[in-house]
>>> print(open('final-v6.cif').read())   # mmCIF, C-alpha atoms
data_input
#
loop_
_atom_site.label_atom_id
_atom_site.label_comp_id
_atom_site.auth_asym_id
_atom_site.auth_seq_id
_atom_site.Cartn_x
_atom_site.Cartn_y
_atom_site.Cartn_z
CA MET H 1 0.00 0.00 0.00
CA ASN H 2 1.26 3.47 -0.83
CA VAL H 3 0.31 6.69 0.99
CA ARG H 4 -2.71 7.28 -1.23
CA ASP H 5 -3.96 3.72 -0.71
CA ARG H 6 -3.66 4.15 3.04
CA ALA H 7 -5.49 7.50 3.00
CA ASP H 8 -8.29 5.99 0.93
CA ALA H 9 -8.64 3.03 3.27
CA ILE H 10 -8.61 5.19 6.40
CA GLY H 11 -11.07 7.64 4.79
CA THR H 12 -13.35 4.72 3.95
CA PHE H 13 -13.18 3.36 7.48
CA ARG H 14 -14.13 6.86 8.64
CA PHE H 15 -17.15 6.81 6.34
CA ILE H 16 -18.25 3.48 7.83
CA GLU H 17 -17.79 4.68 11.42
CA VAL H 18 -19.90 7.81 10.75
CA HIS H 19 -22.54 5.66 9.07
CA LEU H 20 -22.66 3.36 12.12
CA MET H 21 -22.90 6.36 14.48
CA GLU H 22 -25.86 7.71 12.48
CA THR H 23 -27.52 4.29 12.27
CA ILE H 24 -27.42 3.73 16.02
CA ALA H 25 -28.56 7.31 16.61
CA ARG H 26 -31.51 6.68 14.26
CA TRP H 27 -32.47 3.57 16.21
CA THR H 28 -32.28 5.22 19.64
CA PRO H 29 -35.64 7.10 19.76
CA ILE H 30 -37.52 4.28 17.99
CA THR H 31 -36.26 1.54 20.33
CA PRO H 32 -38.51 1.08 23.38
CA GLN H 33 -36.14 -0.70 25.76
CA MET H 34 -34.41 1.72 28.12
CA GLU H 35 -31.42 -0.59 28.57
CA LEU H 36 -30.81 -0.71 24.81
CA LYS H 37 -31.03 3.07 24.57
CA VAL H 38 -28.35 3.29 27.27
CA MET H 39 -26.12 0.92 25.32
CA PHE H 40 -26.73 2.84 22.11
CA GLY H 41 -25.72 6.11 23.78
CA ARG H 42 -22.32 4.65 24.60
CA HIS H 43 -21.88 3.14 21.15
CA ILE H 44 -22.84 6.38 19.38
CA TYR H 45 -19.93 8.07 21.12
CA ASP H 46 -17.60 5.12 20.42
CA HIS H 47 -18.17 5.45 16.67
CA ALA H 48 -17.92 9.24 16.78
CA GLN H 49 -14.54 8.91 18.48
CA HIS H 50 -13.36 6.33 15.96
CA ALA H 51 -14.37 8.63 13.12
CA ASP H 52 -12.56 11.50 14.80
CA TRP H 53 -9.32 9.54 15.27
CA LEU H 54 -9.42 8.25 11.69
CA GLY H 55 -10.23 11.73 10.37
CA LYS H 56 -7.22 13.23 12.08
CA ARG H 57 -5.03 10.51 10.60
CA THR H 58 -6.12 11.29 7.02
CA PHE H 59 -4.64 14.77 7.38
CA GLU H 60 -1.26 13.12 7.97
CA LEU H 61 -1.66 11.21 4.71
CA ARG H 62 -1.80 14.24 2.39
CA GLN H 63 -5.61 14.53 2.56
CA PRO H 64 -7.85 17.08 4.29
CA GLU H 65 -8.69 16.54 7.94
CA HIS H 66 -11.72 14.25 8.16
CA TYR H 67 -11.27 13.11 4.58
CA THR H 68 -14.16 10.71 4.07
CA ARG H 69 -14.59 8.32 1.20
CA GLN H 70 -17.86 6.54 0.48
CA ALA H 71 -17.61 2.75 0.71
CA THR H 72 -18.21 0.55 -2.33
CA PRO H 73 -21.84 0.47 -3.53
CA ASP H 74 -22.39 -3.15 -2.46
CA TYR H 75 -21.15 -2.45 1.07
CA LEU H 76 -23.15 0.77 1.29
CA GLN H 77 -26.28 -1.15 0.26
CA LEU H 78 -25.59 -3.63 3.03
CA LEU H 79 -25.27 -0.82 5.61
CA ASP H 80 -28.41 0.87 4.33
CA ARG H 81 -30.35 -2.40 4.43
CA MET H 82 -29.32 -2.85 8.06
CA ARG H 83 -30.32 0.74 8.89
CA VAL H 84 -33.94 0.16 7.85
CA SER H 85 -34.35 -3.17 9.64
CA PRO H 86 -37.94 -3.33 10.86
CA ASP H 87 -37.51 -4.74 14.35
CA VAL H 88 -35.17 -4.58 17.31
CA ALA H 89 -33.98 -8.19 17.16
CA GLU H 90 -32.98 -7.93 13.52
CA ARG H 91 -31.22 -4.61 14.05
CA LEU H 92 -29.14 -6.00 16.89
CA THR H 93 -28.32 -9.18 15.00
CA LEU H 94 -27.22 -7.41 11.83
CA LEU H 95 -25.14 -4.81 13.61
CA TYR H 96 -23.48 -6.82 16.35
CA ASP H 97 -23.36 -10.30 14.77
CA VAL H 98 -22.67 -9.39 11.15
CA VAL H 99 -21.48 -5.86 10.40
CA ILE H 100 -19.24 -5.17 13.39
CA PRO H 101 -17.48 -8.57 13.32
CA GLY H 102 -17.03 -8.05 9.58
CA LEU H 103 -15.60 -4.57 10.16
CA MET H 104 -13.21 -5.96 12.77
CA ALA H 105 -11.98 -8.46 10.18
CA ARG H 106 -11.47 -5.63 7.70
CA TYR H 107 -9.44 -3.62 10.21
CA GLU H 108 -7.38 -6.75 10.95
CA ARG H 109 -6.75 -7.20 7.24
CA TYR H 110 -5.54 -3.61 7.00
CA LEU H 111 -3.12 -4.25 9.88
CA ALA H 112 -1.84 -7.36 8.12
CA GLU H 113 -1.33 -5.57 4.82
CA THR H 114 0.17 -2.24 5.85
CA ASP H 115 3.78 -1.57 6.83
CA ARG H 116 3.31 -1.53 10.59
CA LEU H 117 6.39 0.60 11.14
CA LEU H 118 5.96 3.12 8.34
CA ASP H 119 2.21 3.40 9.00
CA ALA H 120 2.42 3.08 12.78
CA PRO H 121 0.06 6.03 13.48
CA SER H 122 -2.73 4.27 11.54
CA VAL H 123 -1.93 1.03 13.37
CA LEU H 124 -2.19 2.85 16.68
CA VAL H 125 -5.64 4.21 15.81
CA ILE H 126 -6.94 0.83 14.63
CA GLU H 127 -5.51 -0.95 17.65
CA ARG H 128 -7.48 1.48 19.83
CA ILE H 129 -10.67 0.86 17.85
CA LEU H 130 -10.62 -2.95 17.80
CA PRO H 131 -11.06 -3.58 21.56
CA GLU H 132 -13.97 -1.14 21.60
CA LEU H 133 -15.74 -2.99 18.82
CA LYS H 134 -15.13 -6.24 20.68
CA ARG H 135 -16.64 -4.66 23.80
CA GLN H 136 -19.69 -3.56 21.81
CA VAL H 137 -20.32 -7.11 20.65
CA ALA H 138 -20.00 -8.31 24.26
CA ASP H 139 -22.33 -5.53 25.50
CA SER H 140 -24.91 -6.55 22.95
CA LEU H 141 -24.72 -10.26 23.76
CA ALA H 142 -25.07 -9.63 27.49
CA LEU H 143 -28.01 -7.29 27.05
CA ARG H 144 -29.84 -9.51 24.58
CA ASP H 145 -29.46 -12.34 27.06
CA GLU H 146 -30.77 -10.16 29.92
CA LEU H 147 -33.71 -8.84 27.89
CA GLN H 148 -34.34 -12.20 26.23
CA ILE H 149 -34.09 -10.84 22.71
CA GLY H 150 -33.34 -13.71 20.35
CA ALA H 151 -31.16 -13.55 17.27
CA SER H 152 -32.70 -13.15 13.83
CA ASP H 153 -31.70 -15.28 10.89
CA ALA H 154 -28.75 -13.39 9.43
CA THR H 155 -27.47 -16.12 7.12
CA ALA H 156 -28.09 -14.19 3.92
CA MET H 157 -26.69 -10.90 5.23
CA ARG H 158 -23.64 -12.63 6.64
CA ALA H 159 -22.93 -14.28 3.30
CA ARG H 160 -23.43 -10.95 1.59
CA GLU H 161 -21.00 -9.21 3.95
CA MET H 162 -18.36 -11.91 3.58
CA GLY H 163 -18.75 -11.80 -0.19
CA ILE H 164 -17.62 -8.16 -0.34
CA HIS H 165 -13.87 -8.35 -0.79
CA SER H 166 -13.02 -4.67 -0.39
CA VAL H 167 -15.00 -1.75 0.96
CA VAL H 168 -12.64 0.78 -0.61
CA SER H 169 -13.96 2.21 -3.88
CA ALA H 170 -11.63 2.14 -6.88
CA MET W 171 -39.25 3.80 10.61
CA GLU W 172 -39.59 7.52 11.27
CA ILE W 173 -41.34 9.30 14.11
CA GLY W 174 -43.99 11.57 12.61
CA TYR W 175 -45.92 14.60 13.82
CA ILE W 176 -49.16 15.02 15.73
CA GLU W 177 -51.44 17.96 16.38
CA LEU W 178 -52.26 18.59 20.03
CA GLU W 179 -54.15 21.53 21.45
CA GLY W 180 -53.83 23.14 18.01
CA ILE W 181 -50.03 22.85 17.93
CA ARG W 182 -47.97 20.68 15.59
CA LEU W 183 -45.62 18.58 17.70
CA ARG W 184 -43.38 15.57 17.15
CA ASP W 185 -45.02 12.28 18.05
CA ASP W 186 -43.69 10.42 21.09
CA PRO W 187 -40.43 8.48 21.03
CA ALA W 188 -40.61 4.75 21.86
CA ARG W 189 -40.77 3.74 25.50
CA ASP W 190 -40.91 0.43 27.37
CA ASP W 191 -44.43 -0.90 27.87
CA CYS W 192 -44.03 -0.50 31.62
CA PHE W 193 -44.13 3.29 31.29
CA LEU W 194 -47.37 5.27 31.26
CA VAL W 195 -46.64 8.30 29.06
CA VAL W 196 -48.75 11.37 29.85
CA ARG W 197 -48.74 14.91 28.49
CA ARG W 198 -49.94 17.26 31.20
CA ASP W 199 -48.45 18.19 34.59
CA THR W 200 -51.71 17.24 36.24
CA GLU W 201 -51.31 13.63 35.09
CA MET W 202 -47.90 13.29 36.74
CA HIS W 203 -47.52 11.89 40.25
CA GLU W 204 -45.77 14.80 41.91
CA TYR W 205 -45.84 14.30 45.69
CA ASP W 206 -44.37 16.30 48.52
CA ARG W 207 -40.67 15.70 48.12
CA ASP W 208 -40.01 14.84 51.75
CA SER W 209 -42.08 11.66 51.43
CA GLU W 210 -40.45 8.39 50.30
CA ALA W 211 -42.72 8.18 47.26
CA GLY W 212 -41.91 11.82 46.46
CA ALA W 213 -38.18 11.13 46.57
CA ARG W 214 -38.54 8.10 44.30
CA GLU W 215 -40.81 9.99 41.90
CA THR W 216 -38.23 12.76 41.65
CA VAL W 217 -35.48 10.29 40.74
CA HIS W 218 -37.82 8.43 38.36
CA ARG W 219 -38.82 11.71 36.67
CA HIS W 220 -35.19 12.72 36.15
CA MET W 221 -34.33 9.27 34.83
CA SER W 222 -37.14 9.65 32.30
CA ASN W 223 -35.98 13.16 31.37
CA GLU W 224 -32.49 11.80 30.73
CA ILE W 225 -33.91 9.14 28.39
CA THR W 226 -35.63 11.94 26.51
CA SER W 227 -32.43 14.00 26.36
CA LEU W 228 -30.61 10.98 24.92
CA ASP W 229 -33.30 10.55 22.26
CA ILE W 230 -33.10 14.26 21.36
CA ALA W 231 -29.30 14.35 21.05
CA ALA W 232 -29.38 11.19 18.90
CA GLN W 233 -32.09 12.64 16.67
CA MET W 234 -30.01 15.79 16.07
CA LEU W 235 -27.19 13.57 14.78
CA VAL W 236 -29.65 11.93 12.40
CA GLU W 237 -31.54 14.93 11.09
CA PHE W 238 -28.66 17.39 10.67
CA PRO W 239 -25.86 15.44 8.95
CA GLU W 240 -24.31 18.61 7.50
CA THR W 241 -23.61 20.02 10.96
CA PRO W 242 -19.90 20.81 11.56
CA TRP W 243 -18.06 17.73 12.78
CA GLU W 244 -16.98 19.37 16.05
CA LEU W 245 -20.62 19.97 16.98
CA ARG W 246 -21.56 16.42 16.01
CA MET W 247 -18.84 15.19 18.36
CA GLU W 248 -20.38 17.25 21.17
CA LEU W 249 -23.80 15.75 20.47
CA ALA W 250 -22.39 12.22 20.37
CA ARG W 251 -20.70 12.83 23.70
CA GLN W 252 -23.95 14.23 25.07
CA ALA W 253 -25.71 11.03 23.98
CA TRP W 254 -23.25 8.99 26.04
CA ASP W 255 -23.54 11.35 29.02
CA GLU W 256 -27.34 11.14 29.01
CA ALA W 257 -27.12 7.35 28.71
CA ARG W 258 -24.88 7.23 31.79
CA HIS W 259 -27.30 9.50 33.64
CA VAL W 260 -30.18 7.14 32.87
CA ALA W 261 -28.18 4.18 34.16
CA VAL W 262 -27.01 5.88 37.34
CA LEU W 263 -30.48 7.23 38.18
CA HIS W 264 -32.00 3.81 37.53
CA ARG W 265 -29.42 2.28 39.87
CA ARG W 266 -30.30 4.85 42.53
CA LEU W 267 -34.04 4.34 42.00
CA VAL W 268 -33.68 0.60 42.60
CA GLU W 269 -31.56 1.27 45.70
CA MET W 270 -34.42 3.43 46.99
CA GLY W 271 -36.89 0.59 46.49
CA GLY W 272 -38.35 1.91 43.24
CA TYR W 273 -38.56 0.47 39.75
CA LYS W 274 -38.78 1.49 36.12
CA GLY W 275 -42.38 2.42 35.30
CA GLU W 276 -43.37 3.07 38.92
CA PHE W 277 -44.73 6.53 38.02
CA PRO W 278 -46.12 8.21 34.88
CA ILE W 279 -43.64 10.00 32.65
CA ALA W 280 -43.83 12.77 30.04
CA THR W 281 -41.85 13.23 26.83
CA LEU W 282 -43.07 16.71 25.95
CA GLU W 283 -39.50 18.06 25.70
CA TRP W 284 -38.92 15.67 22.79
CA SER W 285 -42.20 16.65 21.16
CA ILE W 286 -41.33 20.34 21.35
CA THR W 287 -37.64 20.17 20.45
CA CYS W 288 -37.91 17.69 17.60
CA SER W 289 -40.69 19.63 15.91
CA LEU W 290 -38.20 22.46 15.23
CA ASP W 291 -36.44 22.44 11.87
CA THR W 292 -32.97 23.86 12.54
CA ILE W 293 -30.10 22.67 14.70
CA ALA W 294 -29.79 26.13 16.28
CA ALA W 295 -33.46 26.12 17.32
CA ARG W 296 -33.09 22.65 18.82
CA LEU W 297 -29.94 23.62 20.73
CA ALA W 298 -31.71 26.75 21.97
CA THR W 299 -34.66 24.67 23.13
CA GLN W 300 -33.19 21.46 24.50
CA ASN W 301 -29.74 22.54 25.71
CA ARG W 302 -30.03 26.26 26.36
CA THR W 303 -33.56 26.22 27.79
CA PHE W 304 -34.56 22.79 29.12
CA GLU W 305 -31.11 21.65 30.27
CA ALA W 306 -30.20 25.07 31.61
CA GLY W 307 -33.50 25.09 33.51
CA ALA W 308 -32.64 21.62 34.78
CA MET W 309 -29.37 23.03 36.15
CA ASP W 310 -31.45 25.29 38.40
CA VAL W 311 -33.79 22.48 39.44
CA VAL W 312 -31.10 19.83 39.98
CA LYS W 313 -28.96 22.12 42.12
CA SER W 314 -31.94 22.78 44.41
CA LEU W 315 -32.82 19.09 44.49
CA ALA W 316 -29.26 18.03 45.32
CA ARG W 317 -29.31 20.38 48.28
CA GLY W 318 -32.78 19.22 49.26
CA PHE W 319 -31.72 15.56 49.33
CA SER W 320 -28.60 16.47 51.27
CA GLY W 321 -30.76 18.41 53.70
CA ILE W 322 -32.81 15.32 54.54
CA GLY W 323 -29.67 13.18 54.90
CA ASP W 324 -29.80 11.43 51.51
CA GLU W 325 -26.22 12.18 50.51
CA GLU W 326 -26.12 9.43 47.86
CA THR W 327 -28.95 10.88 45.77
CA SER W 328 -27.48 14.33 46.29
CA ALA W 329 -24.08 13.17 45.00
CA VAL W 330 -25.65 11.50 41.94
CA LEU W 331 -27.53 14.68 41.06
CA ASP W 332 -24.45 16.85 41.56
CA GLY W 333 -22.41 14.58 39.28
CA ILE W 334 -25.08 14.83 36.61
CA LEU W 335 -25.21 18.60 37.01
CA ALA W 336 -21.50 18.88 36.21
CA ASP W 337 -22.10 17.11 32.88
CA GLU W 338 -25.12 19.27 32.07
CA ILE W 339 -23.00 22.42 32.35
CA GLN W 340 -20.98 21.27 29.34
CA HIS W 341 -24.14 20.49 27.34
CA VAL W 342 -25.43 24.01 27.93
CA ARG W 343 -21.99 25.55 27.35
CA PHE W 344 -21.40 23.96 23.95
CA ALA W 345 -24.92 24.96 22.86
CA ASN W 346 -24.29 28.57 23.88
CA ARG W 347 -20.99 28.57 21.97
CA TRP W 348 -22.42 27.00 18.84
CA ILE W 349 -25.53 29.17 18.72
CA LYS W 350 -23.27 32.23 18.81
CA ARG W 351 -20.99 30.77 16.15
CA LEU W 352 -23.88 29.80 13.87
CA ALA W 353 -25.46 33.24 14.35
CA GLU W 354 -22.21 34.94 13.35
CA GLN W 355 -22.31 32.98 10.10
CA ASP W 356 -26.01 33.61 9.44
CA ARG W 357 -28.01 36.28 11.28
CA ARG W 358 -31.27 34.45 10.47
CA VAL W 359 -30.25 31.93 13.13
CA LEU W 360 -31.17 34.48 15.79
CA MET W 361 -34.69 34.69 14.37
CA LYS W 362 -35.01 30.91 14.54
CA VAL W 363 -33.80 30.92 18.14
CA ALA W 364 -36.26 33.66 19.11
CA MET W 365 -39.10 31.74 17.43
CA ALA W 366 -38.09 28.59 19.31
CA VAL W 367 -38.22 30.41 22.65
CA ARG W 368 -41.69 31.75 21.85
CA PHE W 369 -42.78 28.28 20.78
CA ILE W 370 -41.71 26.81 24.14
CA ALA W 371 -43.73 29.46 25.97
CA GLU W 372 -46.77 28.75 23.82
CA VAL W 373 -46.63 24.99 24.38
CA ASN W 374 -46.02 25.44 28.11
CA SER W 375 -49.07 27.65 28.36
CA ARG W 376 -51.21 24.82 26.91
CA PHE W 377 -49.81 21.85 28.83
CA ALA W 378 -48.49 23.17 32.15
CA ALA W 379 -50.58 23.24 35.32
CA GLN W 380 -52.86 26.16 36.08
CA ASP W 381 -53.44 27.62 39.53
CA GLY W 382 -55.51 25.33 41.73
CA GLU W 383 -55.50 22.27 39.46
CA VAL W 384 -55.16 19.00 41.33
CA ASN W 385 -52.78 16.34 40.03
CA ALA W 386 -53.29 12.58 39.79
CA VAL W 387 -52.24 12.00 43.41
CA GLY W 388 -54.34 14.78 44.90
CA ARG W 389 -51.75 17.52 45.19
CA THR W 390 -52.93 21.06 44.41
CA LEU W 391 -50.66 22.67 41.82
CA GLN W 392 -49.67 26.26 41.15
CA ASP W 393 -49.44 28.03 37.80
CA HIS W 394 -46.07 27.13 36.24
CA THR W 395 -45.01 30.77 36.12
CA LYS W 396 -45.17 30.86 39.92
CA THR W 397 -42.96 27.81 40.39
CA ILE W 398 -39.84 28.96 38.53
CA PRO W 399 -36.89 27.54 40.51
CA ALA W 400 -34.20 29.66 42.13
CA VAL W 401 -31.44 30.44 39.63
CA ASN W 402 -28.17 28.52 39.75
CA ILE W 403 -26.05 31.55 38.90
CA GLU W 404 -22.69 29.88 39.45
CA ASP W 405 -23.29 27.02 37.00
CA ARG W 406 -25.12 29.21 34.48
CA LYS W 407 -22.03 31.41 34.31
CA LEU W 408 -19.83 28.34 33.85
CA ALA W 409 -22.17 27.32 31.03
CA GLY W 410 -21.53 30.57 29.18
CA PHE W 411 -24.50 32.73 30.09
CA SER W 412 -23.50 36.41 30.11
CA ASP W 413 -24.10 38.68 33.11
CA GLU W 414 -26.96 40.32 31.18
CA GLU W 415 -28.56 36.96 30.43
CA VAL W 416 -28.27 35.84 34.05
CA GLU W 417 -29.81 39.16 35.13
CA GLU W 418 -32.79 38.55 32.85
CA ILE W 419 -33.24 34.98 34.11
CA LEU W 420 -33.04 36.23 37.69
CA ARG W 421 -35.72 38.82 36.95
CA GLN W 422 -38.02 36.08 35.62
CA ALA W 423 -37.37 34.03 38.78
CA GLY W 424 -38.27 36.92 41.05
CA PHE W 425 -34.57 37.44 41.91
CA ARG W 426 -34.36 34.15 43.80
CA SER W 427 -30.91 32.61 43.42
CA LEU W 428 -28.85 29.75 44.79
CA VAL W 429 -25.63 30.84 46.42
CA PRO W 430 -22.44 28.86 45.65
CA ASP W 431 -21.67 25.73 47.68
CA GLU W 432 -18.45 27.12 49.09
CA PRO W 433 -17.98 28.68 51.52
CA GLN W 434 -21.69 29.02 52.23
CA THR W 435 -24.49 26.46 52.06
CA GLY W 436 -28.25 26.80 51.94
CA VAL W 437 -30.77 28.59 49.79
CA ALA W 438 -30.76 32.36 49.51
CA PRO W 439 -34.05 34.17 50.10
#
>>> encode(input="final-v6.cif", output="structure tokens")
Amino acid sequence: MNVRDRADAIGTFRFIEVHLMETIARWTPITPQMELKVMFGRHIYDHAQHADWLGKRTFELRQPEHYTRQATPDYLQLLDRMRVSPDVAERLTLLYDVVIPGLMARYERYLAETDRLLDAPSVLVIERILPELKRQVADSLALRDELQIGASDATAMRAREMGIHSVVSA
Amino acid sequence: MEIGYIELEGIRLRDDPARDDCFLVVRRDTEMHEYDRDSEAGARETVHRHMSNEITSLDIAAQMLVEFPETPWELRMELARQAWDEARHVAVLHRRLVEMGGYKGEFPIATLEWSITCSLDTIAARLATQNRTFEAGAMDVVKSLARGFSGIGDEETSAVLDGILADEIQHVRFANRWIKRLAEQDRRVLMKVAMAVRFIAEVNSRFAAQDGEVNAVGRTLQDHTKTIPAVNIEDRKLAGFSDEEVEEILRQAGFRSLVPDEPQTGVAP
């Protein structure tokens, strides 16, 4: 990866983090369960912080601060489909069982592909993000167990997510 | 799924946000269960009411992130942080409510602040309504309540409320800063803010208690204009209100103010 490739990848991750922040914010007033709203409040700020860290990094890669690059159309369709999920169980399943684990895998792939010394500031940001995403998945599992919210069938969406090789537009 | 609009008492308002089935959502002060605060039920109802208000504040901050995506990033970060703060406030008040022997849904709740704020169509108007008016007003109320709980020996509830108050100062402060900044860029923002303030007064006049009305638990209520809380001057100044603005708020409150915690304690006449 050259500098431009790294900027484009980081700018795309920023786009995804902002999209997730907005999606969870959209769900907050329409979700009845108080405990889920509380969890969403924390996760809204998590994604805002991730977007902020990533946006500051793009400035160090010859792009404007908060350079943001729309993800590939197929990935954007997946995110948009999740955003309009009709019920709470499906929303939680798609976000915390499909999209966030998939995003963690994409961050891990970036770490595997970049020069960890030359691109150490990006590595630092991503290594701060990953444990937070892992915590979100754990938060969600614990709360769904407590509130007895079952998982929806996400087989098709999971296959769709895994079938998208890159989220970075050409 | 979007939350639409409703017409109530001749005013177009945002429909209610979603709430757990255990909550009874009401619209008027008279339907709330406001007791004398020195009773156990009154103390629990106060904590329950603030917990509910914090849920509403969380919903409002989240909705601003959704409906105003072109807002400067720095302001969106403030709103995202506010969402987390309000979420923590809900959790800590719920914890305290349970410690006091209460439970979620024990008393009726209202979400009128959401219905008012989210019916406004600019970010400046919403900040002026939710942060600069409702949350700033809450700073006055919460300071008095924290002292009241301390006065009856409930230091734990008092400490919870004081911790929440510290966070609210920042929510009011960033709103004051951003309203000024947005108004410098576009003078029409001031018109929107003024219209929002008039709108709040109009809605309050329709839904707030009138003199002599009796609420759902038999308590006789006063007109809302006679129950304006003493002004928390110290925190309002920290939140960016100018001396002139504090003077005007004091005038509306009949010049009743709360003196700082240190070195004095107690409520000023």
>>> closest_atom_pairs(input="final-v6.cif", of="chain W", to="chain H", cutoff="9 Å", atoms="all atoms listed in the file", output="Markdown table")
| residue | atom | partner | partner_atom | distance |
| --- | --- | --- | --- | --- |
| W:Met171 | CA | H:Val84 | CA | 7.0 |
| W:Glu172 | CA | H:Ile30 | CA | 7.7 |
| W:Ile173 | CA | H:Ile30 | CA | 7.4 |
| W:Asp186 | CA | H:Pro29 | CA | 8.8 |
| W:Pro187 | CA | H:Pro29 | CA | 5.1 |
| W:Ala188 | CA | H:Pro32 | CA | 4.5 |
| W:Arg189 | CA | H:Pro32 | CA | 4.1 |
| W:Asp190 | CA | H:Pro32 | CA | 4.7 |
| W:Asp191 | CA | H:Pro32 | CA | 7.7 |
| W:Ile225 | CA | H:Met34 | CA | 7.4 |
| W:Thr226 | CA | H:Pro29 | CA | 8.3 |
| W:Leu228 | CA | H:Gly41 | CA | 7.0 |
| W:Asp229 | CA | H:Pro29 | CA | 4.9 |
| W:Ile230 | CA | H:Pro29 | CA | 7.8 |
| W:Ala231 | CA | H:Ala25 | CA | 8.4 |
| W:Ala232 | CA | H:Ala25 | CA | 4.6 |
| W:Gln233 | CA | H:Ala25 | CA | 6.4 |
| W:Met234 | CA | H:Ala25 | CA | 8.6 |
| W:Leu235 | CA | H:Glu22 | CA | 6.4 |
| W:Val236 | CA | H:Glu22 | CA | 5.7 |
| W:Glu237 | CA | H:Arg26 | CA | 8.8 |
| W:Pro239 | CA | H:Glu22 | CA | 8.5 |
| W:Trp243 | CA | H:Asp52 | CA | 8.6 |
| W:Arg246 | CA | H:Ala48 | CA | 8.1 |
| W:Met247 | CA | H:Ala48 | CA | 6.2 |
| W:Leu249 | CA | H:Tyr45 | CA | 8.6 |
| W:Ala250 | CA | H:Tyr45 | CA | 4.9 |
| W:Arg251 | CA | H:Tyr45 | CA | 5.5 |
| W:Gln252 | CA | H:Tyr45 | CA | 8.3 |
| W:Ala253 | CA | H:Gly41 | CA | 4.9 |
| W:Trp254 | CA | H:Gly41 | CA | 4.4 |
| W:Asp255 | CA | H:Gly41 | CA | 7.7 |
| W:Glu256 | CA | H:Gly41 | CA | 7.4 |
| W:Ala257 | CA | H:Val38 | CA | 4.5 |
| W:Arg258 | CA | H:Val38 | CA | 6.9 |
| W:His259 | CA | H:Val38 | CA | 9.0 |
| W:Val260 | CA | H:Val38 | CA | 7.0 |
| W:Ala261 | CA | H:Val38 | CA | 6.9 |
>>> resolve_selection(input="final-v6.cif", expression="the PyMOL selection byres ((chain H and resi 134-139) around 12)", output="ChimeraX atom specification")
/H:35-36,38-47,92-105,127-133,140-146
>>> axis_aligned_box(input="final-v6.cif", around="range 197-205 of chain W", padding_each_side="4 Å", output="AutoDock Vina command-line options")
--center_x -48.7 --center_y 15.0 --center_z 37.1 --size_x 13.9 --size_y 14.3 --size_z 25.2
>>> atom_distance(input="final-v6.cif", atom1="CA of Ser427 in chain W", atom2="CA of Asp310 in chain W")
8.9 Å
>>> closest_atom_pairs(input="final-v6.cif", of="range 235-345 of chain W", to="range 363-386 of chain W", cutoff="7 Å", atoms="all atoms listed in the file", output="Markdown table")
| residue | atom | partner | partner_atom | distance |
| --- | --- | --- | --- | --- |
| W:Ala294 | CA | W:Val363 | CA | 6.5 |
| W:Ala295 | CA | W:Val363 | CA | 4.9 |
| W:Ala298 | CA | W:Val363 | CA | 6.0 |
| W:Thr299 | CA | W:Ala366 | CA | 6.5 |
>>> atom_distance(input="final-v6.cif", atom1="CA of Val401 in chain W", atom2="CA of Leu420 in chain W")
6.3 Å
>>> closest_residue(input="final-v6.cif", among="H:Val3, H:Ile16, H:Leu118, H:Val167", to="Thr68 in chain H", atoms="all atoms listed in the file")
H:Ile16
>>> atom_distance(input="final-v6.cif", atom1="CA of Gln340 in chain W", atom2="CA of Lys407 in chain W")
11.3 Å
>>> resolve_selection(input="final-v6.cif", expression="the PyMOL selection byres ((chain H and resi 14) around 9)", output="JSON list (two decimals) with C-alpha atoms, keeping the file's coordinate frame")
[["chain", "number", "residue", "atom", "x", "y", "z"],
["H", 9, "ALA", "CA", -8.64, 3.03, 3.27],
["H", 10, "ILE", "CA", -8.61, 5.19, 6.40],
["H", 11, "GLY", "CA", -11.07, 7.64, 4.79],
["H", 12, "THR", "CA", -13.35, 4.72, 3.95],
["H", 13, "PHE", "CA", -13.18, 3.36, 7.48],
["H", 15, "PHE", "CA", -17.15, 6.81, 6.34],
["H", 16, "ILE", "CA", -18.25, 3.48, 7.83],
["H", 17, "GLU", "CA", -17.79, 4.68, 11.42],
["H", 18, "VAL", "CA", -19.90, 7.81, 10.75],
["H", 19, "HIS", "CA", -22.54, 5.66, 9.07],
["H", 50, "HIS", "CA", -13.36, 6.33, 15.96],
["H", 51, "ALA", "CA", -14.37, 8.63, 13.12],
["H", 52, "ASP", "CA", -12.56, 11.50, 14.80],
["H", 53, "TRP", "CA", -9.32, 9.54, 15.27],
["H", 54, "LEU", "CA", -9.42, 8.25, 11.69],
["H", 55, "GLY", "CA", -10.23, 11.73, 10.37],
["H", 66, "HIS", "CA", -11.72, 14.25, 8.16],
["H", 67, "TYR", "CA", -11.27, 13.11, 4.58],
["H", 68, "THR", "CA", -14.16, 10.71, 4.07],
["H", 69, "ARG", "CA", -14.59, 8.32, 1.20],
["H", 70, "GLN", "CA", -17.86, 6.54, 0.48]]
>>> residues_around(input="final-v6.cif", residues="range 174-185 of chain W", least_positions_apart="4", cutoff="6 Å", atoms="all atoms listed in the file", output="PyMOL selection string")
chain W and resi 285-286+288-289
>>> resolve_selection(input="final-v6.cif", expression="the PyMOL selection byres ((chain W and resi 404) around 10)", output="JSON, numbers by chain")
{"W": [310, 401, 402, 403, 405, 406, 407, 408, 409, 411, 416, 427, 428, 429, 430, 431]}
>>> decode(input="final-v6.cif", residues="range 163-170 of chain H", atoms="C-alpha atoms", output="tab-separated table (two decimals), in the first residue's frame")
chain	number	residue	atom	x	y	z
H	163	GLY	CA	-18.75	-11.80	-0.19
H	164	ILE	CA	-17.62	-8.16	-0.34
H	165	HIS	CA	-13.87	-8.35	-0.79
H	166	SER	CA	-13.02	-4.67	-0.39
H	167	VAL	CA	-15.00	-1.75	0.96
H	168	VAL	CA	-12.64	0.78	-0.61
H	169	SER	CA	-13.96	2.21	-3.88
H	170	ALA	CA	-11.63	2.14	-6.88
